[in-house]
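Asker: Sharing coords-v3.txt below, compact mmCIF, C-alpha atoms:
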# COMPACT_ATOMS: atom_id res chain seq x y z
CA MET Y 51 93.78 116.04 86.67
CA MET Y 52 96.67 117.47 88.67
CA SER Y 53 97.12 121.22 88.52
CA LYS Y 54 100.35 123.01 87.75
CA ASN Y 55 99.12 126.32 89.11
CA ASN Y 56 102.23 126.96 91.13
CA LEU Y 57 104.40 126.79 88.03
CA ALA Y 58 102.03 129.17 86.21
CA LEU Y 59 102.65 131.61 89.08
CA GLY Y 60 106.35 131.25 88.43
CA GLN Y 61 107.31 129.63 91.71
CA LYS Y 62 107.69 126.22 93.23
CA PHE Y 63 106.31 125.97 96.72
CA SER Y 64 108.22 123.92 99.29
CA VAL Y 65 106.41 121.68 101.76
CA LEU Y 66 107.49 120.01 104.97
CA ILE Y 67 105.53 116.83 105.77
CA VAL Y 68 105.56 116.07 109.49
CA ASP Y 69 104.03 112.66 110.18
CA ASP Y 70 105.02 109.52 112.06
CA ASP Y 71 103.12 107.28 109.62
CA LYS Y 72 105.37 106.19 106.76
CA ILE Y 73 102.39 105.33 104.55
CA ILE Y 74 101.06 108.87 104.90
CA ARG Y 75 104.52 110.33 104.28
CA ARG Y 76 104.80 108.26 101.06
CA ILE Y 77 101.33 109.14 99.81
CA HIS Y 78 101.58 112.84 100.63
CA LYS Y 79 105.05 113.09 99.09
CA MET Y 80 103.73 111.50 95.89
CA LEU Y 81 100.65 113.73 95.83
CA LEU Y 82 102.74 116.86 96.34
CA THR Y 83 105.17 115.77 93.61
CA LYS Y 84 102.23 115.53 91.20
CA PHE Y 85 101.49 119.18 91.97
CA GLU Y 86 105.17 119.96 91.46
CA PHE Y 87 105.78 120.94 95.07
CA GLU Y 88 109.24 120.30 96.48
CA SER Y 89 108.75 118.28 99.62
CA HIS Y 90 110.73 117.03 102.58
CA ALA Y 91 109.41 114.62 105.21
CA VAL Y 92 110.22 114.15 108.89
CA GLU Y 93 108.79 111.80 111.49
CA ASN Y 94 107.89 114.07 114.40
CA GLY Y 95 107.51 117.65 115.58
CA LYS Y 96 110.98 117.86 117.09
CA GLU Y 97 112.60 117.04 113.75
CA ALA Y 98 110.50 119.79 112.18
CA VAL Y 99 111.54 122.34 114.80
CA ASP Y 100 115.20 121.29 114.49
CA LEU Y 101 115.06 121.85 110.72
CA TYR Y 102 113.88 125.41 111.25
CA ILE Y 103 116.51 125.98 113.95
CA SER Y 104 119.14 124.84 111.42
CA GLY Y 105 117.96 127.58 109.07
CA LYS Y 106 115.68 125.63 106.74
CA ASN Y 107 112.41 127.21 105.66
CA PHE Y 108 109.29 125.94 103.91
CA ASP Y 109 106.25 127.64 102.40
CA LEU Y 110 103.88 125.07 103.86
CA ILE Y 111 104.03 122.63 106.76
CA LEU Y 112 101.66 119.66 106.86
CA MET Y 113 101.61 118.81 110.55
CA ASP Y 114 100.19 115.56 111.91
CA MET Y 115 98.51 115.85 115.29
CA GLU Y 116 99.68 112.78 117.17
CA MET Y 117 103.35 111.90 117.06
CA ALA Y 118 105.85 110.54 119.55
CA VAL Y 119 108.75 112.71 120.81
CA MET Y 120 106.90 115.96 119.99
CA ASP Y 121 103.29 116.11 118.83
CA GLY Y 122 101.70 118.50 116.32
CA PRO Y 123 100.23 121.04 118.76
CA LYS Y 124 103.54 121.37 120.67
CA ALA Y 125 105.60 121.67 117.48
CA THR Y 126 103.18 124.27 116.11
CA ARG Y 127 103.40 126.34 119.30
CA GLU Y 128 107.21 126.15 119.23
CA LEU Y 129 107.41 127.21 115.59
CA ARG Y 130 105.06 130.14 116.15
CA SER Y 131 106.98 131.24 119.24
CA MET Y 132 110.14 131.21 117.06
CA GLY Y 133 108.39 133.74 114.81
CA ILE Y 134 107.73 131.26 112.00
CA ASN Y 135 104.75 132.55 110.04
CA ASN Y 136 104.68 129.98 107.21
CA VAL Y 137 101.36 128.34 106.51
CA ILE Y 138 100.92 125.42 108.92
CA VAL Y 139 98.11 123.01 108.12
CA GLY Y 140 97.10 120.45 110.71
CA VAL Y 141 96.42 117.01 109.25
CA THR Y 142 94.52 114.65 111.46
CA SER Y 143 92.38 111.56 111.49
CA ARG Y 144 91.08 112.31 114.98
CA GLY Y 145 87.34 113.00 114.86
CA SER Y 146 86.88 114.97 118.08
CA THR Y 147 85.96 118.63 117.52
CA SER Y 148 87.59 119.70 120.78
CA GLU Y 149 90.89 118.04 119.82
CA LYS Y 150 90.86 119.72 116.41
CA GLN Y 151 89.95 123.02 118.09
CA ALA Y 152 92.86 122.69 120.52
CA PHE Y 153 95.20 121.85 117.64
CA THR Y 154 93.99 124.86 115.64
CA GLU Y 155 94.47 127.13 118.66
CA ALA Y 156 98.11 126.00 118.86
CA GLY Y 157 98.68 128.19 115.79
CA LEU Y 158 97.43 126.40 112.68
CA ASP Y 159 96.19 128.23 109.62
CA TYR Y 160 93.84 125.34 108.76
CA CYS Y 161 93.05 121.82 109.88
CA VAL Y 162 92.19 119.10 107.35
CA GLU Y 163 91.50 115.39 107.46
CA LYS Y 164 94.01 112.84 106.29
CA PRO Y 165 94.77 111.45 103.85
CA LEU Y 166 94.91 114.59 101.74
CA SER Y 167 93.16 114.60 98.39
CA SER Y 168 93.89 116.44 95.14
CA GLU Y 169 91.00 118.78 95.93
CA THR Y 170 92.53 119.71 99.30
CA ILE Y 171 95.91 120.37 97.70
CA THR Y 172 94.26 122.57 95.06
CA SER Y 173 92.56 124.65 97.80
CA LEU Y 174 95.84 124.93 99.73
CA LEU Y 175 97.60 126.04 96.55
CA LYS Y 176 95.12 128.89 96.16
CA GLU Y 177 95.72 129.95 99.77
CA LEU Y 178 99.50 129.81 99.29
CA ALA Y 179 99.21 131.91 96.14
CA LYS Y 180 97.28 134.55 98.10
CA LYS Y 181 99.81 134.58 100.94
CA TYR Y 182 102.98 134.60 98.85
CA MET L 1071 94.19 84.41 78.67
CA GLU L 1072 93.79 87.25 76.19
CA VAL L 1073 94.56 90.81 77.39
CA ASN L 1074 91.05 92.22 77.01
CA GLN L 1075 89.61 89.32 78.98
CA LEU L 1076 92.21 89.84 81.73
CA GLN L 1077 91.43 93.54 81.87
CA ARG L 1078 87.69 92.85 82.08
CA THR L 1079 88.30 90.37 84.91
CA PHE L 1080 90.43 92.97 86.70
CA LEU L 1081 87.69 95.59 86.35
CA GLU L 1082 84.95 93.24 87.55
CA TYR L 1083 87.04 92.07 90.50
CA THR L 1084 87.84 95.65 91.53
CA ALA L 1085 84.21 96.72 91.14
CA ALA L 1086 83.15 93.86 93.41
CA LEU L 1087 85.68 94.93 96.06
CA PHE L 1088 84.18 98.42 96.04
CA ARG L 1089 80.60 97.12 96.00
CA GLU L 1090 81.22 94.79 98.95
CA GLY L 1091 82.81 97.60 100.94
CA PHE L 1092 86.33 96.15 101.06
CA LEU L 1093 87.75 99.22 99.33
CA ASP L 1094 86.77 102.88 99.15
CA SER L 1095 87.66 105.86 96.96
CA GLN L 1096 91.04 106.34 98.64
CA PHE L 1097 92.21 103.20 96.80
CA THR L 1098 91.31 104.88 93.50
CA GLN L 1099 93.27 107.96 94.59
CA LEU L 1100 96.38 105.76 94.95
CA TYR L 1101 96.06 104.64 91.32
CA GLN L 1102 95.67 108.27 90.26
CA LEU L 1103 99.07 108.97 91.79
CA GLN L 1104 100.74 106.06 89.98
CA ASP L 1105 102.42 106.85 86.66
CA GLU L 1106 105.24 105.67 84.35
CA SER L 1107 107.91 107.12 86.62
CA ASN L 1108 106.41 105.30 89.65
CA PRO L 1109 104.71 102.25 88.10
CA LYS L 1110 104.75 100.24 91.31
CA PHE L 1111 103.53 102.98 93.63
CA VAL L 1112 100.27 101.24 94.59
CA VAL L 1113 101.96 97.89 95.26
CA GLU L 1114 104.64 99.66 97.36
CA VAL L 1115 102.14 101.54 99.48
CA VAL L 1116 99.92 98.48 99.96
CA SER L 1117 103.01 96.46 100.96
CA LEU L 1118 103.78 99.09 103.59
CA PHE L 1119 100.21 98.66 104.81
CA PHE L 1120 100.61 94.86 105.00
CA ASP L 1121 103.86 95.19 107.01
CA ASP L 1122 102.40 97.81 109.31
CA SER L 1123 99.17 95.90 109.90
CA GLU L 1124 100.90 92.63 110.72
CA ARG L 1125 103.17 94.38 113.20
CA LEU L 1126 100.23 96.19 114.81
CA ILE L 1127 98.07 93.06 115.00
CA ASN L 1128 100.94 91.19 116.69
CA ASP L 1129 101.42 94.09 119.11
CA LEU L 1130 97.68 94.13 119.88
CA THR L 1131 97.62 90.37 120.47
CA ARG L 1132 100.54 90.63 122.88
CA ALA L 1133 99.11 93.68 124.65
CA LEU L 1134 95.74 91.98 125.21
CA ASP L 1135 97.51 88.93 126.60
CA GLU L 1136 99.19 90.92 129.38
CA PRO L 1137 97.98 90.26 132.94
CA ILE L 1138 97.31 93.99 133.29
CA VAL L 1139 95.99 95.37 130.03
CA ASP L 1140 97.29 98.78 128.99
CA PHE L 1141 94.24 100.18 127.19
CA LYS L 1142 96.02 103.42 126.32
CA LYS L 1143 98.71 101.48 124.44
CA ILE L 1144 96.09 99.35 122.71
CA ASP L 1145 94.14 102.44 121.69
CA ALA L 1146 97.30 103.94 120.21
CA HIS L 1147 97.90 100.79 118.14
CA VAL L 1148 94.29 100.73 116.94
CA HIS L 1149 94.49 104.42 116.05
CA GLN L 1150 97.56 103.67 113.93
CA LEU L 1151 95.85 100.75 112.22
CA LYS L 1152 92.78 102.89 111.53
CA GLY L 1153 95.04 105.54 110.02
CA SER L 1154 96.99 103.23 107.75
CA SER L 1155 93.92 101.29 106.58
CA SER L 1156 92.18 104.57 105.82
CA SER L 1157 95.24 105.74 103.83
CA ILE L 1158 94.99 102.89 101.36
CA GLY L 1159 91.20 102.68 101.25
CA ALA L 1160 90.88 99.42 103.20
CA HIS L 1161 87.38 100.40 104.26
CA ARG L 1162 86.29 97.34 106.25
CA VAL L 1163 89.55 97.18 108.19
CA LYS L 1164 89.18 100.87 109.04
CA ASN L 1165 85.58 100.33 110.18
CA SER L 1166 86.54 97.36 112.34
CA CYS L 1167 88.82 99.71 114.31
CA LEU L 1168 85.95 101.98 115.36
CA PRO L 1169 84.20 99.72 117.93
CA PHE L 1170 87.66 98.58 119.03
CA ARG L 1171 88.46 102.11 120.18
CA ASP L 1172 85.13 102.30 122.02
CA PHE L 1173 85.96 99.13 123.94
CA CYS L 1174 89.41 100.54 124.77
CA GLU L 1175 87.78 103.62 126.22
CA ALA L 1176 85.42 101.43 128.24
CA GLN L 1177 88.44 99.31 129.31
CA ASN L 1178 86.54 96.20 128.25
CA THR L 1179 89.03 93.38 127.62
CA ASP L 1180 86.50 90.89 126.24
CA GLY L 1181 85.13 93.49 123.86
CA CYS L 1182 88.66 94.30 122.71
CA LEU L 1183 89.44 90.62 122.14
CA ARG L 1184 86.32 90.23 120.00
CA CYS L 1185 87.28 93.32 118.03
CA LEU L 1186 90.80 92.01 117.54
CA GLN L 1187 89.36 88.84 115.98
CA GLN L 1188 87.23 90.97 113.67
CA VAL L 1189 90.21 93.15 112.70
CA LYS L 1190 92.33 90.06 111.99
CA GLN L 1191 89.58 88.57 109.85
CA GLU L 1192 89.04 91.74 107.84
CA TYR L 1193 92.77 92.24 107.38
CA LEU L 1194 93.29 88.68 106.09
CA LEU L 1195 90.36 89.05 103.70
CA ILE L 1196 91.63 92.29 102.15
CA LYS L 1197 95.19 91.00 102.04
CA ASN L 1198 94.15 87.95 100.02
CA LYS L 1199 91.95 90.00 97.72
CA LEU L 1200 94.60 92.63 97.02
CA GLU L 1201 97.23 89.97 96.40
CA ASP L 1202 94.89 88.37 93.85
CA LEU L 1203 94.28 91.79 92.29
CA PHE L 1204 97.98 92.54 91.94
CA GLN L 1205 98.57 89.07 90.49
CA LEU L 1206 95.96 89.84 87.85
CA GLU L 1207 97.64 93.17 87.16
CA LYS L 1208 100.96 91.39 86.64
CA GLN L 1209 99.33 89.05 84.14
CA ILE L 1210 97.88 92.03 82.27
CA VAL L 1211 101.30 93.69 82.05
CA ALA L 1212 102.94 90.40 80.98
CA ALA L 1213 100.33 90.05 78.24
CA GLY L 1214 101.15 93.55 76.98
CA GLY L 1215 98.10 95.21 78.48
CA SER L 1216 97.76 98.71 79.91
CA THR L 1217 98.93 99.45 83.43
CA ASN L 1218 96.94 102.67 83.50
CA LEU L 1219 93.79 101.26 84.96
CA VAL L 1220 92.51 104.33 86.76
CA GLU L 1221 90.31 105.61 83.98
CA TRP L 1222 88.37 102.36 84.11
CA MET L 1223 87.79 102.66 87.83
CA LEU L 1224 86.50 106.23 87.71
Just give me the structure as structure tokens.
Answerer:
Amino acid sequence: MMSKNNLALGQKFSVLIVDDDKIIRRIHKMLLTKFEFESHAVENGKEAVDLYISGKNFDLILMDMEMAVMDGPKATRELRSMGINNVIVGVTSRGSTSEKQAFTEAGLDYCVEKPLSSETITSLLKELAKKY
Amino acid sequence: MEVNQLQRTFLEYTAALFREGFLDSQFTQLYQLQDESNPKFVVEVVSLFFDDSERLINDLTRALDEPIVDFKKIDAHVHQLKGSSSSIGAHRVKNSCLPFRDFCEAQNTDGCLRCLQQVKQEYLLIKNKLEDLFQLEKQIVAAGGSTNLVEWML
């Protein structure tokens, strides 16, 4: 069953989904809605960075690794260099440990496999509750 | 056909798809996300998968027909197909992408062509089976049956 922990804590967390795959964007948006997150989706890292430059802010960023225009590691580095300290979770289907390691070193808080599951969202919720 | 019989047929058909490896648990997750406010969520997402897959398979066919094969481009397409098939639980399509990527890395055109045939075959199989499944679901709804089928699949 879906959890409503974030409402019990008295706040709605906001999530930015950054992924070039429209199926993943649709599924993750739906999953996050079930957990009563507010979510916004963009197609690549540059759109994510531009949102932050425009003054938008999110509690959690779900960042895909491989995207055209600007990939996940580059976008993560840019956001961190801008002083953005929101939770950034890398979401990848790539199996290579070294690629995941490189992505994590770009500034991620965690790296998980896609597609996300309810269990993963529940764990992330707990981490967000600790941080905020 | 009576509703209970339709629902039993749906369950048996779905169970067979899981047993034969066509679908995995991610497909069940999609049904868990579907509710009264988004009653067609699964059909919508699977339709996106059909559109995506057909585009990617056409792109792969064209790319492998080029006089000089761009294996990096082909690998990118296969990676996308692996991702989208994994997202909807199309297990055998996803698995057919794995050796494909190995042949891309080895820059083996013949191997890639064989893999493309396999991918096409698996895609057409799951497409037909899911279309049959959704047709059955429509019949259940038309007969006044429940659309909340997840609890049966768990």
Asker: Counting all atoms listed in the file, which residues of chain L come no farther than 7 Å from chain Y, as a PDB file with C-alpha atoms, in the coordinates of the input?
Answerer:
ATOM      1  CA  LEU L1103      99.070 108.970  91.790  1.00  0.00           C
ATOM      2  CA  VAL L1115     102.140 101.540  99.480  1.00  0.00           C
ATOM      3  CA  LEU L1118     103.780  99.090 103.590  1.00  0.00           C
ATOM      4  CA  GLY L1153      95.040 105.540 110.020  1.00  0.00           C
ATOM      5  CA  SER L1154      96.990 103.230 107.750  1.00  0.00           C
ATOM      6  CA  SER L1157      95.240 105.740 103.830  1.00  0.00           C
TER       7      SER L1157
END
Asker: Y:Val65, Y:Leu112, Y:Ala98, Y:Leu178: which is nearest Glu163 of chain Y, counting only C-alpha atoms?
Answerer: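 Closest candidate: Y:Leu112.
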Asker: Determine the nearest neighbour of Val1073 of chain L from the options L:His1149, L:His1161, L:Arg1089, L:Lys1208, counting all atoms listed in the file.
Answerer: L:Lys1208
Asker: Taking all atoms of segment 87-105 of chain Y that appear in the file, build a box with edges along x, y and z, extend it by 5 Å on every side, and state its centre and edge lengths in Å to one decimal, as AutoDock Vina command-line options.
Answerer:
--center_x 112.5 --center_y 119.7 --center_z 106.1 --size_x 23.4 --size_y 25.8 --size_z 32.0
Asker: Report, in Å to a single decimal, how far apart atom CA of Gln1191 of chain L and atom CA of Leu1130 of chain L are.
Answerer: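 Atom CA of Gln1191 of chain L lies 14.0 Å from atom CA of Leu1130 of chain L.
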Asker: If we count all atoms listed in the file, what is near Gln1209 of chain L at a cut-off of 9 Å, once residues fewer than 5 positions away on the same chain are taken out, given as a ChimeraX atom specification?
Answerer: /L:1071,1073,1076,1204,1214-1215
